[in-house]
Amino acid sequence: MAPAPTVKTLFNLERTSVLLADGDAMGQGIISQMLSGFGARDVIKCATTTDTRKQISSQACQLVIIDPASLGDGGYDIIPWLRRKLVEPKKHVPVLIATGHTEHCRVTQLRDSGANFIVSKPLSAAVLLERIVWLSRERRPYVETDSYVGPDRRWHEQPAPNGVGRRQRDREIQARIAAGGDMNQADIDMLMSSAEAGVIA
Amino acid sequence: MKTIYVDNLLAQTMSSASPQMAQTALGRANTNLEAIAGECIAHIDDLLRQFHMHPSSDPDERLGQMRENYQLARRMIGVAHAAGLTALDMAAKSLCKTVDSLLAANDCNWEPVRLHLQTMQLLRHPDRVGDQQGTLIAALGDLRKRFEAAPEAESKPPPIA
């Protein structure tokens with residue numbers, strides 16, 4: 001097995017173009033400040049559906065963070081449109097949905113939109129960082145069917161034997177992540193090495 | 001079904017940049033967030049002023065007011081947290097869940113909306129509420145359970161291949 005890479009050697013958004021689509025100026029500002037802290041210099045901000053489509057079409061970005069509900073009419077259609085209508089490599093850009101609340105009638109639509117991840121606001125800097133690291137390590141293929149275009153959702157979970165991680169601190173780390181608490185460097189390194197070994201699903 | 005294997009461009013751009021300690025990045029991000037906490041509070045106050053506090057007697061109009069309150073509460077989620085008003089953030093989310101359930105049932109019952117809005121006004125000033133924040137959030141949770149319908153759509157990350 002290859003040695004587990006650490007966040008230290010992999011994490012920096014300095015050369016990554018991020019498209020941030022959020023219809024609420026303050027919501028946009030909060031995520032933008034986090035991205036700035038992560039080193040991102042090129043953050044393309046969009047506040048409407050029209051502008052988001054225009055910017056995704058014309059700009060080369062390697063990560064999309066979007067709150068579809070905040071963009072108004074058509075916000076939920078952006079990701080399916082991106083996956084179906086754009087050409088390589090734009091159609092396969094990693095997409096992270098960050099949303100405060102999803103209406104009951106939209107839950108299925110959101111899950112089938114073709115996003116790589118959906119996370120709930122409030123979003124801490126630690127959770128956002130963790131999700132971006134996961135996206136950077138994403139190896140799932142993309143699938144195209146009549147009803148769905150996006151990352152293959154048939155990924156295989158391989159939980160630890162008996163559902164219990166062997167490392168002493170696994171439970172502590174998972175509990176802290178579940179609580180939305182910030183991680184320290186040791187936690188992050190442990191998370192990365194555990195995930196690499198298939199311990200944390 | 002067509003399966004396509006693609007290069008992960010995010011991984012490529014991230015690995016091409018100079019290494020950065022995650023702890024440093026998190027520290028900078030949190031410092032940046034602290035710097036805009038005042039703006040977040042001003043935004044929260046602006047949103048709180050926009051809520052419909054008094055229901056219309058017309059049921060259709062009242063449903064419209066509930067939809068607008070839902071949108072305002074949704075915009076508050078995340079911002080209140082960044083402003084250090086975590087309990088208010090939770091109350092805003094609770095209002096969203098409650099109103100969403102009411103709207104799904106075409107129910108214009110204003111009482112749960114009123115209780116949420118009053119609680120949110122209290123939670124805007126946590127120093128005045130003291131250690132009762134948890135009690136207030138728990139009460140909203142009990143109230144919400146009577147109307148709640150749908151689970152959240154959050155996904156958990158898949159294992160790394």
# chains A, B, ... in the order shown; residues from 1 in each chain; ligands from 1
>>> interface_residues(of="chain A", to="chain B", cutoff="6 Å", atoms="only C-alpha atoms", output="ChimeraX atom specification")
/A:8-13,15-16,33-34,37-38,62,100,104,107,117-119,121-122,136,139,141-145,185,201
>>> write_last_selection(atoms="N, CA and C atoms", output="PDB file, in the first residue's frame")
ATOM      1  N   LYS A   8      -0.920  18.318   4.171  1.00  0.00           N
ATOM      2  CA  LYS A   8       0.175  19.278   4.013  1.00  0.00           C
ATOM      3  C   LYS A   8       0.709  19.286   2.577  1.00  0.00           C
ATOM      4  N   THR A   9       0.803  18.141   1.983  1.00  0.00           N
ATOM      5  CA  THR A   9       1.393  18.075   0.654  1.00  0.00           C
ATOM      6  C   THR A   9       0.360  18.250  -0.445  1.00  0.00           C
ATOM      7  N   LEU A  10      -0.919  18.200  -0.138  1.00  0.00           N
ATOM      8  CA  LEU A  10      -1.932  18.223  -1.184  1.00  0.00           C
ATOM      9  C   LEU A  10      -2.836  19.443  -1.180  1.00  0.00           C
ATOM     10  N   PHE A  11      -2.914  20.118  -0.052  1.00  0.00           N
ATOM     11  CA  PHE A  11      -3.969  21.109   0.048  1.00  0.00           C
ATOM     12  C   PHE A  11      -3.501  22.530  -0.176  1.00  0.00           C
ATOM     13  N   ASN A  12      -3.965  23.121  -1.282  1.00  0.00           N
ATOM     14  CA  ASN A  12      -3.797  24.548  -1.523  1.00  0.00           C
ATOM     15  C   ASN A  12      -4.662  24.924  -2.724  1.00  0.00           C
ATOM     16  N   LEU A  13      -5.474  25.940  -2.566  1.00  0.00           N
ATOM     17  CA  LEU A  13      -6.366  26.351  -3.662  1.00  0.00           C
ATOM     18  C   LEU A  13      -5.796  27.529  -4.458  1.00  0.00           C
ATOM     19  N   ARG A  15      -4.006  27.804  -7.015  1.00  0.00           N
ATOM     20  CA  ARG A  15      -4.092  27.731  -8.479  1.00  0.00           C
ATOM     21  C   ARG A  15      -5.431  27.173  -8.959  1.00  0.00           C
ATOM     22  N   THR A  16      -6.386  27.140  -8.047  1.00  0.00           N
ATOM     23  CA  THR A  16      -7.698  26.583  -8.395  1.00  0.00           C
ATOM     24  C   THR A  16      -8.704  27.704  -8.627  1.00  0.00           C
ATOM     25  N   GLN A  33     -14.804  34.043   2.088  1.00  0.00           N
ATOM     26  CA  GLN A  33     -13.766  34.286   3.096  1.00  0.00           C
ATOM     27  C   GLN A  33     -13.054  32.982   3.467  1.00  0.00           C
ATOM     28  N   MET A  34     -13.821  31.908   3.544  1.00  0.00           N
ATOM     29  CA  MET A  34     -13.189  30.614   3.843  1.00  0.00           C
ATOM     30  C   MET A  34     -12.238  30.224   2.708  1.00  0.00           C
ATOM     31  N   GLY A  37      -9.074  32.048   2.788  1.00  0.00           N
ATOM     32  CA  GLY A  37      -8.189  31.480   3.804  1.00  0.00           C
ATOM     33  C   GLY A  37      -7.506  30.208   3.326  1.00  0.00           C
ATOM     34  N   PHE A  38      -8.175  29.492   2.442  1.00  0.00           N
ATOM     35  CA  PHE A  38      -7.598  28.244   1.916  1.00  0.00           C
ATOM     36  C   PHE A  38      -6.621  28.508   0.775  1.00  0.00           C
ATOM     37  N   GLN A  62     -12.264  24.682 -11.685  1.00  0.00           N
ATOM     38  CA  GLN A  62     -12.010  23.292 -11.275  1.00  0.00           C
ATOM     39  C   GLN A  62     -12.888  22.871 -10.104  1.00  0.00           C
ATOM     40  N   GLY A 100     -28.872  25.766   2.895  1.00  0.00           N
ATOM     41  CA  GLY A 100     -29.381  25.934   4.258  1.00  0.00           C
ATOM     42  C   GLY A 100     -30.503  24.975   4.568  1.00  0.00           C
ATOM     43  N   HIS A 104     -39.186  20.155   0.922  1.00  0.00           N
ATOM     44  CA  HIS A 104     -39.608  18.756   0.810  1.00  0.00           C
ATOM     45  C   HIS A 104     -39.746  18.321  -0.646  1.00  0.00           C
ATOM     46  N   VAL A 107     -36.174  17.667  -2.535  1.00  0.00           N
ATOM     47  CA  VAL A 107     -35.122  16.784  -2.015  1.00  0.00           C
ATOM     48  C   VAL A 107     -34.661  15.782  -3.075  1.00  0.00           C
ATOM     49  N   PHE A 117     -21.328  16.247  -3.954  1.00  0.00           N
ATOM     50  CA  PHE A 117     -21.690  16.220  -2.535  1.00  0.00           C
ATOM     51  C   PHE A 117     -22.763  17.254  -2.259  1.00  0.00           C
ATOM     52  N   ILE A 118     -23.535  16.986  -1.230  1.00  0.00           N
ATOM     53  CA  ILE A 118     -24.467  17.991  -0.709  1.00  0.00           C
ATOM     54  C   ILE A 118     -24.129  18.173   0.770  1.00  0.00           C
ATOM     55  N   VAL A 119     -23.910  19.407   1.162  1.00  0.00           N
ATOM     56  CA  VAL A 119     -23.673  19.672   2.583  1.00  0.00           C
ATOM     57  C   VAL A 119     -24.638  20.732   3.072  1.00  0.00           C
ATOM     58  N   LYS A 121     -25.739  23.929   5.358  1.00  0.00           N
ATOM     59  CA  LYS A 121     -25.283  25.086   6.128  1.00  0.00           C
ATOM     60  C   LYS A 121     -25.928  24.992   7.501  1.00  0.00           C
ATOM     61  N   PRO A 122     -25.348  25.519   8.561  1.00  0.00           N
ATOM     62  CA  PRO A 122     -24.109  26.291   8.572  1.00  0.00           C
ATOM     63  C   PRO A 122     -22.903  25.399   8.307  1.00  0.00           C
ATOM     64  N   SER A 136     -11.073  16.396  -4.168  1.00  0.00           N
ATOM     65  CA  SER A 136      -9.804  16.312  -4.894  1.00  0.00           C
ATOM     66  C   SER A 136      -9.322  14.873  -5.005  1.00  0.00           C
ATOM     67  N   ARG A 139     -12.429   9.538  -7.129  1.00  0.00           N
ATOM     68  CA  ARG A 139     -12.034   8.697  -8.249  1.00  0.00           C
ATOM     69  C   ARG A 139     -13.240   8.026  -8.907  1.00  0.00           C
ATOM     70  N   PRO A 141     -16.117   7.231 -11.392  1.00  0.00           N
ATOM     71  CA  PRO A 141     -16.398   7.592 -12.785  1.00  0.00           C
ATOM     72  C   PRO A 141     -17.724   8.345 -12.872  1.00  0.00           C
ATOM     73  N   TYR A 142     -17.946   8.981 -13.996  1.00  0.00           N
ATOM     74  CA  TYR A 142     -19.235   9.630 -14.246  1.00  0.00           C
ATOM     75  C   TYR A 142     -20.089   8.697 -15.099  1.00  0.00           C
ATOM     76  N   VAL A 143     -21.367   8.733 -14.842  1.00  0.00           N
ATOM     77  CA  VAL A 143     -22.286   7.906 -15.628  1.00  0.00           C
ATOM     78  C   VAL A 143     -23.319   8.790 -16.306  1.00  0.00           C
ATOM     79  N   GLU A 144     -23.760   8.325 -17.467  1.00  0.00           N
ATOM     80  CA  GLU A 144     -24.809   9.034 -18.199  1.00  0.00           C
ATOM     81  C   GLU A 144     -25.935   8.070 -18.507  1.00  0.00           C
ATOM     82  N   THR A 145     -27.105   8.381 -18.006  1.00  0.00           N
ATOM     83  CA  THR A 145     -28.300   7.601 -18.329  1.00  0.00           C
ATOM     84  C   THR A 145     -29.391   8.585 -18.756  1.00  0.00           C
ATOM     85  N   GLN A 185      -4.512  19.734  13.118  1.00  0.00           N
ATOM     86  CA  GLN A 185      -3.721  19.081  12.072  1.00  0.00           C
ATOM     87  C   GLN A 185      -3.605  17.576  12.301  1.00  0.00           C
ATOM     88  N   ALA A 201     -15.762   5.468   6.481  1.00  0.00           N
ATOM     89  CA  ALA A 201     -16.582   5.421   5.267  1.00  0.00           C
ATOM     90  C   ALA A 201     -17.165   6.797   4.998  1.00  0.00           C
TER      91      ALA A 201
END
>>> residues_around(residues="Asp107 (chain B)", least_positions_apart="4", cutoff="12 Å", atoms="only C-alpha atoms", output="ChimeraX atom specification")
/B:59-60,62-64,66-67,98-103,111-113,147
>>> write_last_selection(atoms="C-alpha atoms", output="tab-separated table (two decimals), in the first residue's frame")
chain	number	residue	atom	x	y	z
B	59	PRO	CA	-55.51	32.22	3.88
B	60	ASP	CA	-53.85	32.54	0.46
B	62	ARG	CA	-51.02	34.15	4.68
B	63	LEU	CA	-49.47	31.24	2.79
B	64	GLY	CA	-47.58	33.84	0.76
B	66	MET	CA	-45.19	32.04	5.19
B	67	ARG	CA	-43.28	31.45	1.96
B	98	THR	CA	-41.75	23.81	10.11
B	99	VAL	CA	-42.97	26.17	7.40
B	100	ASP	CA	-41.94	23.73	4.68
B	101	SER	CA	-44.04	21.04	6.32
B	102	LEU	CA	-46.98	23.40	6.78
B	103	LEU	CA	-46.81	24.53	3.15
B	111	GLU	CA	-49.05	29.69	15.70
B	112	PRO	CA	-45.83	27.69	15.12
B	113	VAL	CA	-44.56	30.52	12.91
B	147	PHE	CA	-45.34	19.25	11.66
>>> select_by_dssp(residues="region 14-185 of chain A", states="alpha helix (DSSP H)", output="number ranges by chain")
A: 25-37, 49-58, 78-85, 107-111, 125-136, 170-178, 185
>>> write_last_selection(atoms="C-alpha atoms", output="mmCIF file, in the first residue's frame")
data_model
loop_
_atom_site.group_PDB
_atom_site.id
_atom_site.type_symbol
_atom_site.label_atom_id
_atom_site.label_comp_id
_atom_site.auth_asym_id
_atom_site.auth_seq_id
_atom_site.Cartn_x
_atom_site.Cartn_y
_atom_site.Cartn_z
ATOM 1 C CA ALA A 25 -24.587 38.278 -0.673
ATOM 2 C CA MET A 26 -23.676 37.459 2.915
ATOM 3 C CA GLY A 27 -23.842 33.710 2.341
ATOM 4 C CA GLN A 28 -21.559 34.219 -0.634
ATOM 5 C CA GLY A 29 -19.240 36.384 1.434
ATOM 6 C CA ILE A 30 -18.883 33.770 4.174
ATOM 7 C CA ILE A 31 -17.813 30.965 1.836
ATOM 8 C CA SER A 32 -15.642 33.381 -0.100
ATOM 9 C CA GLN A 33 -13.766 34.286 3.096
ATOM 10 C CA MET A 34 -13.189 30.614 3.843
ATOM 11 C CA LEU A 35 -11.885 29.997 0.314
ATOM 12 C CA SER A 36 -9.599 32.989 0.614
ATOM 13 C CA GLY A 37 -8.189 31.480 3.804
ATOM 14 C CA THR A 49 -29.117 31.614 -12.365
ATOM 15 C CA THR A 50 -28.393 33.519 -15.554
ATOM 16 C CA ASP A 51 -25.016 34.748 -14.389
ATOM 17 C CA THR A 52 -24.072 31.317 -13.068
ATOM 18 C CA ARG A 53 -24.809 29.659 -16.407
ATOM 19 C CA LYS A 54 -22.926 32.372 -18.252
ATOM 20 C CA GLN A 55 -19.852 32.112 -16.030
ATOM 21 C CA ILE A 56 -19.755 28.307 -16.020
ATOM 22 C CA SER A 57 -19.965 28.337 -19.806
ATOM 23 C CA SER A 58 -17.246 30.898 -20.319
ATOM 24 C CA ILE A 78 -28.124 24.406 -13.278
ATOM 25 C CA ILE A 79 -26.289 21.201 -12.327
ATOM 26 C CA PRO A 80 -28.292 18.884 -14.642
ATOM 27 C CA TRP A 81 -27.765 21.464 -17.413
ATOM 28 C CA LEU A 82 -24.032 21.580 -16.687
ATOM 29 C CA ARG A 83 -23.743 17.778 -16.727
ATOM 30 C CA ARG A 84 -25.753 17.318 -19.926
ATOM 31 C CA LYS A 85 -25.107 20.355 -22.096
ATOM 32 C CA VAL A 107 -35.122 16.784 -2.015
ATOM 33 C CA THR A 108 -35.252 14.123 -4.731
ATOM 34 C CA GLN A 109 -34.441 16.643 -7.438
ATOM 35 C CA LEU A 110 -31.415 17.804 -5.471
ATOM 36 C CA ARG A 111 -30.166 14.281 -4.837
ATOM 37 C CA ALA A 125 -14.283 26.097 7.630
ATOM 38 C CA ALA A 126 -13.168 22.634 8.744
ATOM 39 C CA VAL A 127 -16.093 20.895 7.064
ATOM 40 C CA LEU A 128 -15.619 22.859 3.837
ATOM 41 C CA LEU A 129 -11.919 22.023 3.795
ATOM 42 C CA GLU A 130 -12.644 18.366 4.413
ATOM 43 C CA ARG A 131 -15.172 18.214 1.566
ATOM 44 C CA ILE A 132 -12.798 19.913 -0.862
ATOM 45 C CA VAL A 133 -10.066 17.450 0.045
ATOM 46 C CA TRP A 134 -12.505 14.595 -0.550
ATOM 47 C CA LEU A 135 -13.454 16.054 -3.927
ATOM 48 C CA SER A 136 -9.804 16.312 -4.894
ATOM 49 C CA ASP A 170 -11.203 6.929 15.104
ATOM 50 C CA ARG A 171 -14.363 7.343 17.136
ATOM 51 C CA GLU A 172 -13.194 10.624 18.642
ATOM 52 C CA ILE A 173 -12.451 12.091 15.232
ATOM 53 C CA GLN A 174 -15.701 10.919 13.683
ATOM 54 C CA ALA A 175 -17.676 12.303 16.614
ATOM 55 C CA ARG A 176 -15.979 15.667 16.273
ATOM 56 C CA ILE A 177 -16.653 15.786 12.538
ATOM 57 C CA ALA A 178 -20.287 14.836 13.104
ATOM 58 C CA GLN A 185 -3.721 19.081 12.072
#
>>> atom_distance(atom1="CA of Leu95 (chain B)", atom2="CA of Cys46 (chain A)")
26.8 Å
>>> closest_residue(among="A:Cys105, A:Thr99, A:Asp24, A:Gln59", to="Leu86 (chain A)", atoms="only C-alpha atoms")
A:Gln59
>>> atom_distance(atom1="CA of Ser70 (chain A)", atom2="CA of Arg140 (chain A)")
28.2 Å
>>> atom_distance(atom1="CA of Val149 (chain A)", atom2="CA of Asp42 (chain A)")
27.4 Å
>>> residues_around(residues="region 120-126 of chain B", least_positions_apart="3", cutoff="6 Å", atoms="only C-alpha atoms", output="list in words")
Leu88, Leu117 and Val129 of chain B
>>> residues_around(residues="Ala69 (chain A)", least_positions_apart="6", cutoff="8 Å", atoms="only C-alpha atoms", output="PDB file with C-alpha atoms, in the first residue's frame")
ATOM      1  CA  GLY A  75     -31.389  27.331  -9.653  1.00  0.00           C
ATOM      2  CA  TYR A  76     -32.066  23.626  -9.314  1.00  0.00           C
ATOM      3  CA  THR A  99     -27.630  24.676   1.153  1.00  0.00           C
ATOM      4  CA  THR A 102     -34.136  22.001   1.010  1.00  0.00           C
TER       5      THR A 102
END
>>> decode(residues="region 76-166 of chain A", atoms="C-alpha atoms", output="mmCIF file, in the first residue's frame")
data_model
loop_
_atom_site.group_PDB
_atom_site.id
_atom_site.type_symbol
_atom_site.label_atom_id
_atom_site.label_comp_id
_atom_site.auth_asym_id
_atom_site.auth_seq_id
_atom_site.Cartn_x
_atom_site.Cartn_y
_atom_site.Cartn_z
ATOM 1 C CA TYR A 76 -32.066 23.626 -9.314
ATOM 2 C CA ASP A 77 -31.681 23.100 -13.072
ATOM 3 C CA ILE A 78 -28.124 24.406 -13.278
ATOM 4 C CA ILE A 79 -26.289 21.201 -12.327
ATOM 5 C CA PRO A 80 -28.292 18.884 -14.642
ATOM 6 C CA TRP A 81 -27.765 21.464 -17.413
ATOM 7 C CA LEU A 82 -24.032 21.580 -16.687
ATOM 8 C CA ARG A 83 -23.743 17.778 -16.727
ATOM 9 C CA ARG A 84 -25.753 17.318 -19.926
ATOM 10 C CA LYS A 85 -25.107 20.355 -22.096
ATOM 11 C CA LEU A 86 -21.535 21.443 -21.498
ATOM 12 C CA VAL A 87 -18.527 19.802 -23.101
ATOM 13 C CA GLU A 88 -15.460 18.222 -21.540
ATOM 14 C CA PRO A 89 -13.912 19.046 -19.152
ATOM 15 C CA LYS A 90 -16.556 21.476 -17.843
ATOM 16 C CA LYS A 91 -19.331 18.909 -17.652
ATOM 17 C CA HIS A 92 -17.313 16.845 -15.197
ATOM 18 C CA VAL A 93 -16.269 19.641 -12.850
ATOM 19 C CA PRO A 94 -16.664 18.682 -9.164
ATOM 20 C CA VAL A 95 -19.821 20.276 -7.774
ATOM 21 C CA LEU A 96 -20.482 20.839 -4.080
ATOM 22 C CA ILE A 97 -23.977 21.915 -3.063
ATOM 23 C CA ALA A 98 -24.085 23.962 0.146
ATOM 24 C CA THR A 99 -27.630 24.676 1.153
ATOM 25 C CA GLY A 100 -29.381 25.934 4.258
ATOM 26 C CA HIS A 101 -32.561 23.980 3.819
ATOM 27 C CA THR A 102 -34.136 22.001 1.010
ATOM 28 C CA GLU A 103 -37.864 22.089 0.481
ATOM 29 C CA HIS A 104 -39.608 18.756 0.810
ATOM 30 C CA CYS A 105 -40.624 18.821 -2.846
ATOM 31 C CA ARG A 106 -37.015 19.453 -3.962
ATOM 32 C CA VAL A 107 -35.122 16.784 -2.015
ATOM 33 C CA THR A 108 -35.252 14.123 -4.731
ATOM 34 C CA GLN A 109 -34.441 16.643 -7.438
ATOM 35 C CA LEU A 110 -31.415 17.804 -5.471
ATOM 36 C CA ARG A 111 -30.166 14.281 -4.837
ATOM 37 C CA ASP A 112 -30.518 13.417 -8.540
ATOM 38 C CA SER A 113 -28.995 16.640 -9.800
ATOM 39 C CA GLY A 114 -25.556 15.171 -10.457
ATOM 40 C CA ALA A 115 -23.665 16.989 -7.707
ATOM 41 C CA ASN A 116 -20.702 15.259 -6.084
ATOM 42 C CA PHE A 117 -21.690 16.220 -2.535
ATOM 43 C CA ILE A 118 -24.467 17.991 -0.709
ATOM 44 C CA VAL A 119 -23.673 19.672 2.583
ATOM 45 C CA SER A 120 -25.927 21.572 4.928
ATOM 46 C CA LYS A 121 -25.283 25.086 6.128
ATOM 47 C CA PRO A 122 -24.109 26.291 8.572
ATOM 48 C CA LEU A 123 -20.804 25.267 7.152
ATOM 49 C CA SER A 124 -17.657 25.494 9.253
ATOM 50 C CA ALA A 125 -14.283 26.097 7.630
ATOM 51 C CA ALA A 126 -13.168 22.634 8.744
ATOM 52 C CA VAL A 127 -16.093 20.895 7.064
ATOM 53 C CA LEU A 128 -15.619 22.859 3.837
ATOM 54 C CA LEU A 129 -11.919 22.023 3.795
ATOM 55 C CA GLU A 130 -12.644 18.366 4.413
ATOM 56 C CA ARG A 131 -15.172 18.214 1.566
ATOM 57 C CA ILE A 132 -12.798 19.913 -0.862
ATOM 58 C CA VAL A 133 -10.066 17.450 0.045
ATOM 59 C CA TRP A 134 -12.505 14.595 -0.550
ATOM 60 C CA LEU A 135 -13.454 16.054 -3.927
ATOM 61 C CA SER A 136 -9.804 16.312 -4.894
ATOM 62 C CA ARG A 137 -9.424 12.615 -4.152
ATOM 63 C CA GLU A 138 -12.622 11.618 -5.917
ATOM 64 C CA ARG A 139 -12.034 8.697 -8.249
ATOM 65 C CA ARG A 140 -15.619 7.802 -9.081
ATOM 66 C CA PRO A 141 -16.398 7.592 -12.785
ATOM 67 C CA TYR A 142 -19.235 9.630 -14.246
ATOM 68 C CA VAL A 143 -22.286 7.906 -15.628
ATOM 69 C CA GLU A 144 -24.809 9.034 -18.199
ATOM 70 C CA THR A 145 -28.300 7.601 -18.329
ATOM 71 C CA ASP A 146 -31.639 8.936 -19.521
ATOM 72 C CA SER A 147 -32.556 10.006 -16.006
ATOM 73 C CA TYR A 148 -29.204 10.826 -14.399
ATOM 74 C CA VAL A 149 -25.853 12.300 -15.334
ATOM 75 C CA GLY A 150 -23.195 12.654 -12.677
ATOM 76 C CA PRO A 151 -20.791 10.775 -10.432
ATOM 77 C CA ASP A 152 -21.505 7.083 -10.162
ATOM 78 C CA ARG A 153 -23.591 6.630 -7.045
ATOM 79 C CA ARG A 154 -22.930 2.907 -6.831
ATOM 80 C CA TRP A 155 -19.727 3.385 -4.873
ATOM 81 C CA HIS A 156 -18.932 0.609 -2.496
ATOM 82 C CA GLU A 157 -18.720 1.234 1.196
ATOM 83 C CA GLN A 158 -16.129 -0.881 2.922
ATOM 84 C CA PRO A 159 -16.638 -0.348 6.620
ATOM 85 C CA ALA A 160 -14.109 -1.442 9.172
ATOM 86 C CA PRO A 161 -14.559 -4.961 10.567
ATOM 87 C CA ASN A 162 -17.627 -5.030 12.826
ATOM 88 C CA GLY A 163 -18.048 -1.342 12.070
ATOM 89 C CA VAL A 164 -15.316 -0.430 14.517
ATOM 90 C CA GLY A 165 -12.154 1.355 13.431
ATOM 91 C CA ARG A 166 -9.006 -0.166 14.821
#
